[in-house]
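**Q** To be precise about what I am sending: the file is called entry10.csv and holds CSV, C-alpha atoms.
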chain,number,residue,atom,x,y,z
A,482,MET,CA,22.9,12.6,-1.4
A,483,LYS,CA,22.9,16.3,-1.2
A,484,HIS,CA,20.0,18.5,-0.3
A,485,SER,CA,18.8,20.8,-3.0
A,486,ASN,CA,19.7,24.3,-1.9
A,487,LYS,CA,17.2,25.9,-4.3
A,488,THR,CA,14.1,27.8,-3.3
A,489,SER,CA,11.2,27.2,-5.7
A,490,PRO,CA,10.1,30.2,-7.9
A,491,ASP,CA,7.5,32.3,-6.3
A,492,THR,CA,5.0,32.3,-9.2
A,493,SER,CA,2.1,30.0,-9.9
A,494,ILE,CA,2.9,30.1,-13.6
A,495,ALA,CA,6.3,28.5,-12.9
A,496,GLY,CA,4.6,25.7,-11.0
A,497,ALA,CA,2.0,25.2,-13.8
A,498,VAL,CA,4.8,25.0,-16.4
A,499,ALA,CA,6.9,22.6,-14.4
A,500,ILE,CA,4.1,20.1,-14.1
A,501,ILE,CA,3.2,20.0,-17.8
A,502,PRO,CA,5.0,16.7,-18.5
A,503,MET,CA,2.9,15.2,-15.7
A,504,LEU,CA,-0.3,16.6,-17.1
A,505,LEU,CA,0.4,14.8,-20.4
A,506,GLY,CA,1.2,11.6,-18.6
A,507,THR,CA,-2.0,11.6,-16.5
A,508,ALA,CA,-4.3,12.5,-19.3
A,509,PRO,CA,-4.9,8.9,-20.5
A,510,PHE,CA,-5.4,7.8,-16.9
A,511,GLY,CA,-8.2,10.4,-16.5
A,512,VAL,CA,-9.9,9.2,-19.6
A,513,ILE,CA,-9.6,5.6,-18.6
A,514,PHE,CA,-10.9,6.4,-15.1
A,515,GLY,CA,-14.0,8.2,-16.6
A,516,ALA,CA,-14.8,5.2,-18.9
A,517,PHE,CA,-14.2,2.8,-16.0
A,518,ALA,CA,-16.4,4.7,-13.6
A,519,VAL,CA,-19.3,4.4,-16.1
A,520,GLU,CA,-18.6,0.7,-16.5
A,521,MET,CA,-18.7,0.2,-12.7
A,522,GLY,CA,-22.0,2.0,-12.4
A,523,LEU,CA,-20.9,5.2,-10.8
A,524,GLY,CA,-22.7,7.2,-13.5
A,525,HIS,CA,-21.5,10.5,-14.9
A,526,GLN,CA,-22.1,12.5,-11.7
A,527,GLY,CA,-20.6,9.8,-9.5
A,528,GLY,CA,-17.5,9.5,-11.6
A,529,GLN,CA,-16.9,13.2,-11.9
A,530,SER,CA,-17.7,13.7,-8.2
A,531,MET,CA,-15.1,11.1,-7.2
A,532,SER,CA,-12.4,13.0,-9.2
A,533,LEU,CA,-13.6,16.3,-7.7
A,534,PHE,CA,-13.7,15.3,-4.1
A,535,VAL,CA,-11.2,12.4,-3.7
A,536,PHE,CA,-8.6,13.4,-6.3
A,537,ALA,CA,-6.4,10.3,-5.9
A,538,GLY,CA,-5.8,8.4,-9.2
A,539,SER,CA,-5.1,4.8,-8.2
A,540,ALA,CA,-7.4,4.9,-5.2
A,541,GLN,CA,-10.2,6.1,-7.4
A,542,PHE,CA,-9.8,3.1,-9.7
A,543,VAL,CA,-9.9,0.8,-6.8
A,544,GLY,CA,-12.8,2.7,-5.2
A,545,ALA,CA,-14.9,2.5,-8.3
A,546,SER,CA,-14.1,-1.2,-8.7
A,547,LEU,CA,-15.1,-1.9,-5.0
A,548,TYR,CA,-18.3,0.1,-5.6
A,549,GLY,CA,-19.1,-2.0,-8.6
A,550,GLN,CA,-18.6,-5.1,-6.5
A,551,GLY,CA,-20.9,-3.8,-3.8
A,552,VAL,CA,-18.4,-4.3,-0.9
A,553,SER,CA,-18.9,-2.6,2.5
A,554,LEU,CA,-17.8,0.9,3.3
A,555,LEU,CA,-15.3,-0.5,5.8
A,556,VAL,CA,-13.5,-2.4,3.0
A,557,VAL,CA,-13.5,0.8,0.9
A,558,ALA,CA,-12.1,2.8,3.8
A,559,ILE,CA,-9.3,0.2,4.7
A,560,THR,CA,-8.3,-0.2,1.0
A,561,THR,CA,-8.2,3.5,0.4
A,562,PHE,CA,-6.1,3.9,3.5
A,563,PHE,CA,-3.5,1.4,2.4
A,564,ILE,CA,-3.3,2.7,-1.2
A,565,ASN,CA,-2.7,6.2,0.0
A,566,LEU,CA,-0.4,5.4,2.9
A,567,ARG,CA,2.6,6.6,0.9
A,568,HIS,CA,1.2,10.1,1.1
A,569,THR,CA,2.2,10.2,4.8
A,570,LEU,CA,5.8,10.2,3.6
A,571,TYR,CA,5.0,13.0,1.1
A,572,GLY,CA,3.5,15.1,3.8
A,573,ALA,CA,6.4,14.5,6.2
A,574,SER,CA,8.9,15.4,3.5
A,575,LEU,CA,7.1,18.4,2.2
A,576,GLY,CA,6.0,19.8,5.6
A,577,PRO,CA,9.3,21.3,6.7
A,578,LYS,CA,9.8,22.9,3.2
A,579,LEU,CA,6.6,25.0,3.5
A,580,LEU,CA,7.8,28.0,5.4
A,581,SER,CA,5.4,30.8,6.4
A,582,VAL,CA,2.3,28.9,5.3
A,583,SER,CA,-0.7,29.2,7.6
A,584,PRO,CA,-2.3,26.0,9.0
A,585,ARG,CA,-5.5,26.7,7.1
A,586,GLN,CA,-3.6,26.9,3.8
A,587,ARG,CA,-1.6,23.8,4.6
A,588,LEU,CA,-4.8,21.9,5.1
A,589,LEU,CA,-6.0,23.0,1.7
A,590,MET,CA,-2.6,22.1,0.2
A,591,ALA,CA,-3.0,18.6,1.7
A,592,PHE,CA,-6.1,17.9,-0.4
A,593,PHE,CA,-4.1,18.5,-3.6
A,594,LEU,CA,-1.0,16.5,-2.6
A,595,THR,CA,-0.6,13.8,-5.3
A,596,ASP,CA,2.3,11.8,-6.6
A,597,GLU,CA,2.8,14.2,-9.5
A,598,THR,CA,2.6,17.4,-7.5
A,599,PHE,CA,4.9,16.0,-4.9
A,600,SER,CA,7.4,14.9,-7.5
A,601,ILE,CA,7.6,18.4,-8.9
A,602,VAL,CA,7.8,20.4,-5.7
A,603,SER,CA,10.0,18.0,-3.8
A,604,ARG,CA,13.0,19.2,-6.0
A,605,PHE,CA,13.3,22.3,-3.8
A,606,ARG,CA,14.5,22.8,-0.3
A,607,ILE,CA,12.0,25.6,0.2
A,608,VAL,CA,8.7,25.5,-1.6
A,609,ARG,CA,6.8,28.8,-2.1
A,610,PRO,CA,3.0,28.5,-1.8
A,611,ARG,CA,2.3,30.1,-5.2
A,612,TYR,CA,4.6,27.5,-7.0
A,613,TYR,CA,2.8,24.7,-5.2
A,614,TRP,CA,-0.6,26.1,-6.1
A,615,GLY,CA,0.3,26.5,-9.7
A,616,ALA,CA,1.4,22.9,-10.0
A,617,ALA,CA,-1.4,21.4,-7.8
A,618,LEU,CA,-4.3,23.3,-9.4
A,619,SER,CA,-3.0,22.5,-12.9
A,620,MET,CA,-3.0,18.9,-12.0
A,621,TYR,CA,-6.4,19.1,-10.5
A,622,ILE,CA,-8.0,20.8,-13.5
A,623,ASN,CA,-6.3,18.4,-15.8
A,624,TRP,CA,-7.6,15.4,-13.9
A,625,GLN,CA,-11.2,16.8,-14.0
A,626,VAL,CA,-11.1,17.6,-17.7
A,627,TRP,CA,-9.8,14.2,-18.7
A,628,THR,CA,-12.2,12.4,-16.3
A,629,PHE,CA,-15.0,14.2,-18.1
A,630,VAL,CA,-13.7,13.2,-21.5
A,631,GLY,CA,-13.6,9.6,-20.3
A,632,LEU,CA,-17.1,9.8,-18.9
A,633,ILE,CA,-18.6,11.1,-22.2
A,634,SER,CA,-16.5,8.9,-24.5
A,635,GLY,CA,-17.2,5.8,-22.5
A,636,SER,CA,-15.5,2.5,-23.4
A,637,TYR,CA,-14.7,3.6,-27.0
A,638,ILE,CA,-11.5,5.4,-26.0
A,639,ARG,CA,-10.6,2.7,-23.5
A,640,GLU,CA,-10.5,0.2,-26.4
A,641,VAL,CA,-8.5,2.6,-28.6
A,642,ILE,CA,-5.8,3.2,-25.9
A,643,SER,CA,-4.5,-0.3,-25.5
A,644,VAL,CA,-0.9,0.3,-24.5
A,645,ASN,CA,0.3,-0.2,-20.9
A,646,LEU,CA,-1.0,3.1,-19.6
A,647,ALA,CA,0.7,2.9,-16.3
A,648,PHE,CA,4.1,3.2,-18.0
A,649,VAL,CA,3.2,6.7,-19.3
A,650,MET,CA,4.2,8.2,-16.0
A,651,VAL,CA,7.5,6.4,-15.8
A,652,PRO,CA,9.6,8.6,-18.0
A,653,ALA,CA,8.5,11.7,-16.1
A,654,PHE,CA,9.2,10.1,-12.7
A,655,LEU,CA,12.6,8.8,-13.9
A,656,ALA,CA,13.6,12.2,-15.2
A,657,ILE,CA,12.8,13.6,-11.8
A,658,ILE,CA,14.6,10.8,-9.9
A,659,THR,CA,17.7,11.3,-12.1
A,660,SER,CA,17.8,15.0,-11.3
A,661,HIS,CA,17.8,14.0,-7.6
A,662,VAL,CA,20.4,11.3,-7.9
A,663,ASN,CA,23.8,13.0,-7.5
A,664,SER,CA,25.9,10.6,-5.3
A,665,VAL,CA,26.6,7.0,-4.6
A,666,SER,CA,24.1,6.9,-1.7
A,667,SER,CA,21.3,8.4,-3.7
A,668,THR,CA,22.0,5.9,-6.5
A,669,PHE,CA,21.9,3.1,-3.9
A,670,CYS,CA,18.6,4.5,-2.6
A,671,ALA,CA,17.0,4.5,-6.0
A,672,LEU,CA,18.2,1.1,-7.1
A,673,SER,CA,17.3,-0.6,-3.8
A,674,ALA,CA,13.8,1.0,-3.8
A,675,MET,CA,13.3,-0.3,-7.3
A,676,GLY,CA,14.5,-3.8,-6.5
A,677,ILE,CA,12.5,-4.1,-3.3
A,678,SER,CA,9.3,-2.9,-4.9
A,679,VAL,CA,9.8,-5.5,-7.7
A,680,LEU,CA,10.2,-8.2,-5.0
A,681,LEU,CA,7.2,-7.0,-3.0
A,682,PHE,CA,4.9,-6.5,-6.1
A,683,GLU,CA,2.5,-9.1,-4.9
A,684,LEU,CA,1.6,-7.4,-1.7
A,685,PRO,CA,-2.0,-6.2,-1.7
A,686,HIS,CA,-3.2,-2.6,-2.0
A,687,GLN,CA,0.1,-1.4,-3.3
A,688,LEU,CA,1.7,-1.8,0.1
A,689,GLY,CA,4.9,-2.8,-1.6
A,690,LEU,CA,5.5,0.8,-2.6
A,691,MET,CA,5.4,2.0,1.0
A,692,VAL,CA,7.5,-0.9,2.4
A,693,ALA,CA,10.0,-0.6,-0.4
A,694,GLY,CA,10.4,3.2,0.0
A,695,VAL,CA,10.9,3.0,3.8
A,696,THR,CA,13.2,0.0,3.6
A,697,ALA,CA,15.3,1.7,0.9
A,698,ILE,CA,15.7,4.8,3.1
A,699,VAL,CA,16.7,2.8,6.1
A,700,LEU,CA,19.2,0.8,4.0
A,701,THR,CA,20.6,4.0,2.5
A,702,LEU,CA,21.1,5.5,6.0
A,703,LEU,CA,23.0,2.4,7.0
A,704,PHE,CA,25.0,2.5,3.8
A,705,GLU,CA,26.0,6.1,4.4
A,706,LYS,CA,27.0,5.3,8.0
A,707,LEU,CA,29.0,2.4,6.9
A,708,THR,CA,30.8,4.2,4.1
A,709,SER,CA,31.5,7.3,6.3
A,710,SER,CA,32.9,5.3,9.1
A,711,ARG,CA,35.1,3.4,6.6
A,712,SER,CA,36.4,6.6,5.1
A,713,SER,CA,37.2,8.1,8.5
A,714,ALA,CA,39.0,4.9,9.5
A,715,THR,CA,41.0,5.1,6.2
A,716,ASN,CA,41.9,8.8,6.9
A,717,LYS,CA,43.1,7.9,10.4
A,718,ALA,CA,45.2,5.1,9.1
A,719,LYS,CA,46.8,7.5,6.5
A,720,GLN,CA,47.6,10.1,9.3
B,731,MET,CA,-24.1,1.3,-0.4
B,732,ASN,CA,-24.6,4.5,-2.4
B,733,ILE,CA,-22.0,6.4,-4.3
B,734,ILE,CA,-22.2,9.5,-2.1
B,735,SER,CA,-21.2,7.5,1.0
B,736,VAL,CA,-18.3,5.8,-0.9
B,737,ILE,CA,-17.0,9.2,-2.1
B,738,PHE,CA,-17.4,10.6,1.4
B,739,VAL,CA,-15.5,7.8,3.0
B,740,MET,CA,-12.7,8.0,0.4
B,741,LEU,CA,-12.5,11.7,0.8
B,742,ILE,CA,-12.2,11.5,4.6
B,743,VAL,CA,-9.5,8.7,4.5
B,744,THR,CA,-7.5,10.3,1.7
B,745,PHE,CA,-7.6,13.8,3.1
B,746,SER,CA,-6.8,12.6,6.6
B,747,ILE,CA,-3.7,10.8,5.5
B,748,ARG,CA,-2.4,13.7,3.5
B,749,ALA,CA,-3.3,16.3,6.0
B,750,CYS,CA,-2.0,14.6,9.2
B,751,SER,CA,1.6,14.3,8.0
B,752,LEU,CA,1.7,17.7,6.3
B,753,MET,CA,0.4,19.4,9.4
B,754,LEU,CA,2.5,17.4,11.8
B,755,PHE,CA,5.8,18.1,10.2
B,756,SER,CA,5.1,21.7,9.0
B,757,GLY,CA,7.4,24.4,10.3
B,758,GLN,CA,9.2,22.1,12.6
B,759,THR,CA,13.0,21.8,13.0
B,760,LEU,CA,13.6,18.1,12.8
B,761,PRO,CA,16.6,16.1,13.9
B,762,PRO,CA,19.4,15.9,11.2
B,763,LEU,CA,18.8,12.1,10.8
B,764,MET,CA,15.1,12.6,10.3
B,765,MET,CA,15.8,15.4,7.7
B,766,ARG,CA,18.2,13.1,6.0
B,767,ALA,CA,15.7,10.3,5.8
B,768,LEU,CA,12.9,12.6,4.6
B,769,SER,CA,15.2,14.1,1.9
B,770,MET,CA,15.3,10.6,0.4
B,771,VAL,CA,11.6,10.2,0.2
B,772,PRO,CA,11.2,11.5,-3.4
B,773,ILE,CA,13.9,9.2,-4.8
B,774,ALA,CA,12.7,6.2,-2.7
B,775,ILE,CA,9.0,6.4,-3.4
B,776,LEU,CA,9.2,7.4,-7.1
B,777,SER,CA,11.7,4.6,-7.7
B,778,ALA,CA,9.5,2.2,-5.9
B,779,ILE,CA,6.6,3.2,-8.2
B,780,CYS,CA,8.7,2.9,-11.3
B,781,GLY,CA,10.4,-0.5,-10.5
B,782,PRO,CA,7.4,-2.8,-11.1
B,783,LEU,CA,6.3,-0.8,-14.2
B,784,ILE,CA,9.7,-1.3,-15.8
B,785,PHE,CA,10.6,-4.8,-14.8
B,786,LEU,CA,7.1,-6.3,-14.4
B,787,PRO,CA,5.2,-4.6,-17.2
B,788,GLU,CA,2.7,-7.4,-17.7
B,789,GLY,CA,2.5,-8.2,-14.0
B,790,ALA,CA,5.3,-10.8,-14.3
B,791,TRP,CA,9.1,-10.7,-14.6
B,792,THR,CA,10.2,-9.8,-18.2
B,793,ASN,CA,13.7,-10.2,-19.4
B,794,PRO,CA,15.0,-6.6,-19.6
B,795,ALA,CA,17.0,-7.3,-22.8
B,796,VAL,CA,13.7,-7.8,-24.7
B,797,SER,CA,11.5,-5.4,-22.7
B,798,VAL,CA,10.5,-2.2,-24.5
B,799,GLU,CA,9.7,-0.7,-21.1
B,800,PHE,CA,13.3,-1.3,-19.9
B,801,TRP,CA,14.9,0.3,-22.9
B,802,ALA,CA,12.6,3.2,-22.8
B,803,ALA,CA,13.4,3.7,-19.2
B,804,LEU,CA,17.1,3.4,-19.8
B,805,SER,CA,17.0,6.0,-22.6
B,806,CYS,CA,15.2,8.3,-20.3
B,807,VAL,CA,17.9,8.1,-17.6
B,808,GLY,CA,20.6,8.5,-20.2
B,809,ALA,CA,18.9,11.6,-21.7
B,810,ALA,CA,18.0,13.2,-18.4
B,811,ARG,CA,21.2,15.2,-18.3
B,812,TYR,CA,19.9,17.2,-21.3
B,813,GLY,CA,16.7,18.1,-19.4
B,814,MET,CA,13.4,16.6,-18.4
B,815,VAL,CA,11.5,17.3,-21.6
B,816,PRO,CA,14.0,15.7,-24.0
B,817,ALA,CA,14.3,12.7,-21.8
B,818,ILE,CA,10.6,12.2,-21.6
B,819,ILE,CA,10.1,12.7,-25.4
B,820,LEU,CA,12.9,10.3,-26.3
B,821,SER,CA,11.7,7.7,-23.8
B,822,MET,CA,8.1,7.9,-25.0
B,823,THR,CA,9.1,7.7,-28.6
B,824,ILE,CA,11.1,4.6,-28.0
B,825,TYR,CA,8.2,3.1,-26.0
B,826,ILE,CA,5.6,3.8,-28.6
B,827,ILE,CA,7.7,2.7,-31.5
B,828,GLY,CA,8.7,-0.4,-29.6
B,829,LYS,CA,5.1,-1.2,-28.7
B,830,LEU,CA,3.8,-0.6,-32.2
B,831,PHE,CA,6.5,-2.4,-34.2
B,832,ILE,CA,8.4,-4.8,-32.0
B,833,SER,CA,6.1,-6.1,-29.3
Please lay out the structure from this file as structure tokens.
**A**
Amino acid sequence: MKHSNKTSPDTSIAGAVAIIPMLLGTAPFGVIFGAFAVEMGLGHQGGQSMSLFVFAGSAQFVGASLYGQGVSLLVVAITTFFINLRHTLYGASLGPKLLSVSPRQRLLMAFFLTDETFSIVSRFRIVRPRYYWGAALSMYINWQVWTFVGLISGSYIREVISVNLAFVMVPAFLAIITSHVNSVSSTFCALSAMGISVLLFELPHQLGLMVAGVTAIVLTLLFEKLTSSRSSATNKAKQ
Amino acid sequence: MNIISVIFVMLIVTFSIRACSLMLFSGQTLPPLMMRALSMVPIAILSAICGPLIFLPEGAWTNPAVSVEFWAALSCVGAARYGMVPAIILSMTIYIIGKLFIS
């Protein structure tokens, strides 16, 4: 798996354009979340506020559901923690790519770090702040708009959109994965992550995603070490 | 439990997770093995997100040969060499047609 040697463009427009496929993919989610928030009793202000201040798609669905069930704040905190745990890997991966970015700006960037924004900016070895902001703010505004549409349209739209909404994001993610996959080891990493996540699907709070991701990375490192030692042994034998 | 406290707790937890790792690793020169591992994060996590959605679309194992999700995903991977947008359009077209007329 090769590192991308590219530096991201230095304009916010480029970031906003790059994330357009993700905007289309998350639109139905936003609508459904708005409708769901009303159903769970968050009200219009509560639903919109959750999108404004939390800005974490799947965690918002679960948070709204837990609020509807009237569970304790501790349960909300623990559940949110586990659902968003994969973001630790996003931050760790993105951190070294953000050169010359002040700590204050990094803190702001962290608030807007979602699956979609990460998938777009992670293609580059160095990420320019303007590019990040273009992508991240487009996603944020998009999420607010579609949440609002869901809040005012209520359950009507939820009934109309009956397909498996979660799949809407898959083509965009797959296209990004394919652009990253350029060697045997990266193919191994992608396939093993998929396989393990399928096996661990039953784990609560989407923990399977995190475990599958970390396990696939460790397995790929071992795979690379094994293949490189084999090839060096073969070269020695030839000499 | 009111909605303001729920949102506040979720905000603190979500932001802390995102901010801690981003701040901790920013501007640091990491060991090569660590950099190698982190370079695989996009592939590993995005693949982990996609896996169950492709192979367990209804929450249970579905034979890929008869799964609209699988064929839509496969077409996306095949078309990705022509660019992200064509791949997404082709995949979504197959998915929607499959859902409307086959499933």
**Q** Can you measure CA of Ala495 (chain A) to CA of Ala774 (chain B) for me? One decimal in Å is fine.
**A**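 So the answer is 25.3 Å.
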**Q** Could you tell me how far CA of Met620 (chain A) lies from CA of Tyr812 (chain B), in Å and to one decimal?
**A**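 Rounded to one decimal, the two atoms are 24.8 Å apart.
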**Q** Could you give me, as a ChimeraX atom specification, the residues that have an atom at most 12 Å away from the point (12.0, -1.3, -22.3) in the coordinates of the file, using only C-alpha atoms?
**A** /A:645,648,651-652 /B:781,783-787,792-806,821-829,832-833
**Q** Taking C-alpha atoms for each residue, export the selection above as an mmCIF file, in the coordinates of the input.
**A**
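Final output, part.cif:
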data_model
loop_
_atom_site.group_PDB
_atom_site.id
_atom_site.type_symbol
_atom_site.label_atom_id
_atom_site.label_comp_id
_atom_site.auth_asym_id
_atom_site.auth_seq_id
_atom_site.Cartn_x
_atom_site.Cartn_y
_atom_site.Cartn_z
ATOM 1 C CA ASN A 645 0.300 -0.200 -20.900
ATOM 2 C CA PHE A 648 4.100 3.200 -18.000
ATOM 3 C CA VAL A 651 7.500 6.400 -15.800
ATOM 4 C CA PRO A 652 9.600 8.600 -18.000
ATOM 5 C CA GLY B 781 10.400 -0.500 -10.500
ATOM 6 C CA LEU B 783 6.300 -0.800 -14.200
ATOM 7 C CA ILE B 784 9.700 -1.300 -15.800
ATOM 8 C CA PHE B 785 10.600 -4.800 -14.800
ATOM 9 C CA LEU B 786 7.100 -6.300 -14.400
ATOM 10 C CA PRO B 787 5.200 -4.600 -17.200
ATOM 11 C CA THR B 792 10.200 -9.800 -18.200
ATOM 12 C CA ASN B 793 13.700 -10.200 -19.400
ATOM 13 C CA PRO B 794 15.000 -6.600 -19.600
ATOM 14 C CA ALA B 795 17.000 -7.300 -22.800
ATOM 15 C CA VAL B 796 13.700 -7.800 -24.700
ATOM 16 C CA SER B 797 11.500 -5.400 -22.700
ATOM 17 C CA VAL B 798 10.500 -2.200 -24.500
ATOM 18 C CA GLU B 799 9.700 -0.700 -21.100
ATOM 19 C CA PHE B 800 13.300 -1.300 -19.900
ATOM 20 C CA TRP B 801 14.900 0.300 -22.900
ATOM 21 C CA ALA B 802 12.600 3.200 -22.800
ATOM 22 C CA ALA B 803 13.400 3.700 -19.200
ATOM 23 C CA LEU B 804 17.100 3.400 -19.800
ATOM 24 C CA SER B 805 17.000 6.000 -22.600
ATOM 25 C CA CYS B 806 15.200 8.300 -20.300
ATOM 26 C CA SER B 821 11.700 7.700 -23.800
ATOM 27 C CA MET B 822 8.100 7.900 -25.000
ATOM 28 C CA THR B 823 9.100 7.700 -28.600
ATOM 29 C CA ILE B 824 11.100 4.600 -28.000
ATOM 30 C CA TYR B 825 8.200 3.100 -26.000
ATOM 31 C CA ILE B 826 5.600 3.800 -28.600
ATOM 32 C CA ILE B 827 7.700 2.700 -31.500
ATOM 33 C CA GLY B 828 8.700 -0.400 -29.600
ATOM 34 C CA LYS B 829 5.100 -1.200 -28.700
ATOM 35 C CA ILE B 832 8.400 -4.800 -32.000
ATOM 36 C CA SER B 833 6.100 -6.100 -29.300
#
**Q** Please find the residues of chain B near chain A - the criterion being any atom within 6 Å, counting all atoms listed in the file - and write them as a PyMOL selection string.
**A** chain B and resi 737+741+743+745+747-749+751-752+755-758+768+773-775+777-778+780-783+810+814+818
**Q** Which one of A:Leu688, A:Ala617, A:Ile494, A:Val556 sits closest to Val739 (chain B) if you count all atoms listed in the file?
**A**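 Smallest separation from Val739 (chain B) among the options: A:Val556.
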**Q** Interatomic distance between CA of Phe605 (chain A) and CA of Tyr621 (chain A)?
**A**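 About the pair CA of Phe605 (chain A) and CA of Tyr621 (chain A): they are 21.1 Å apart.
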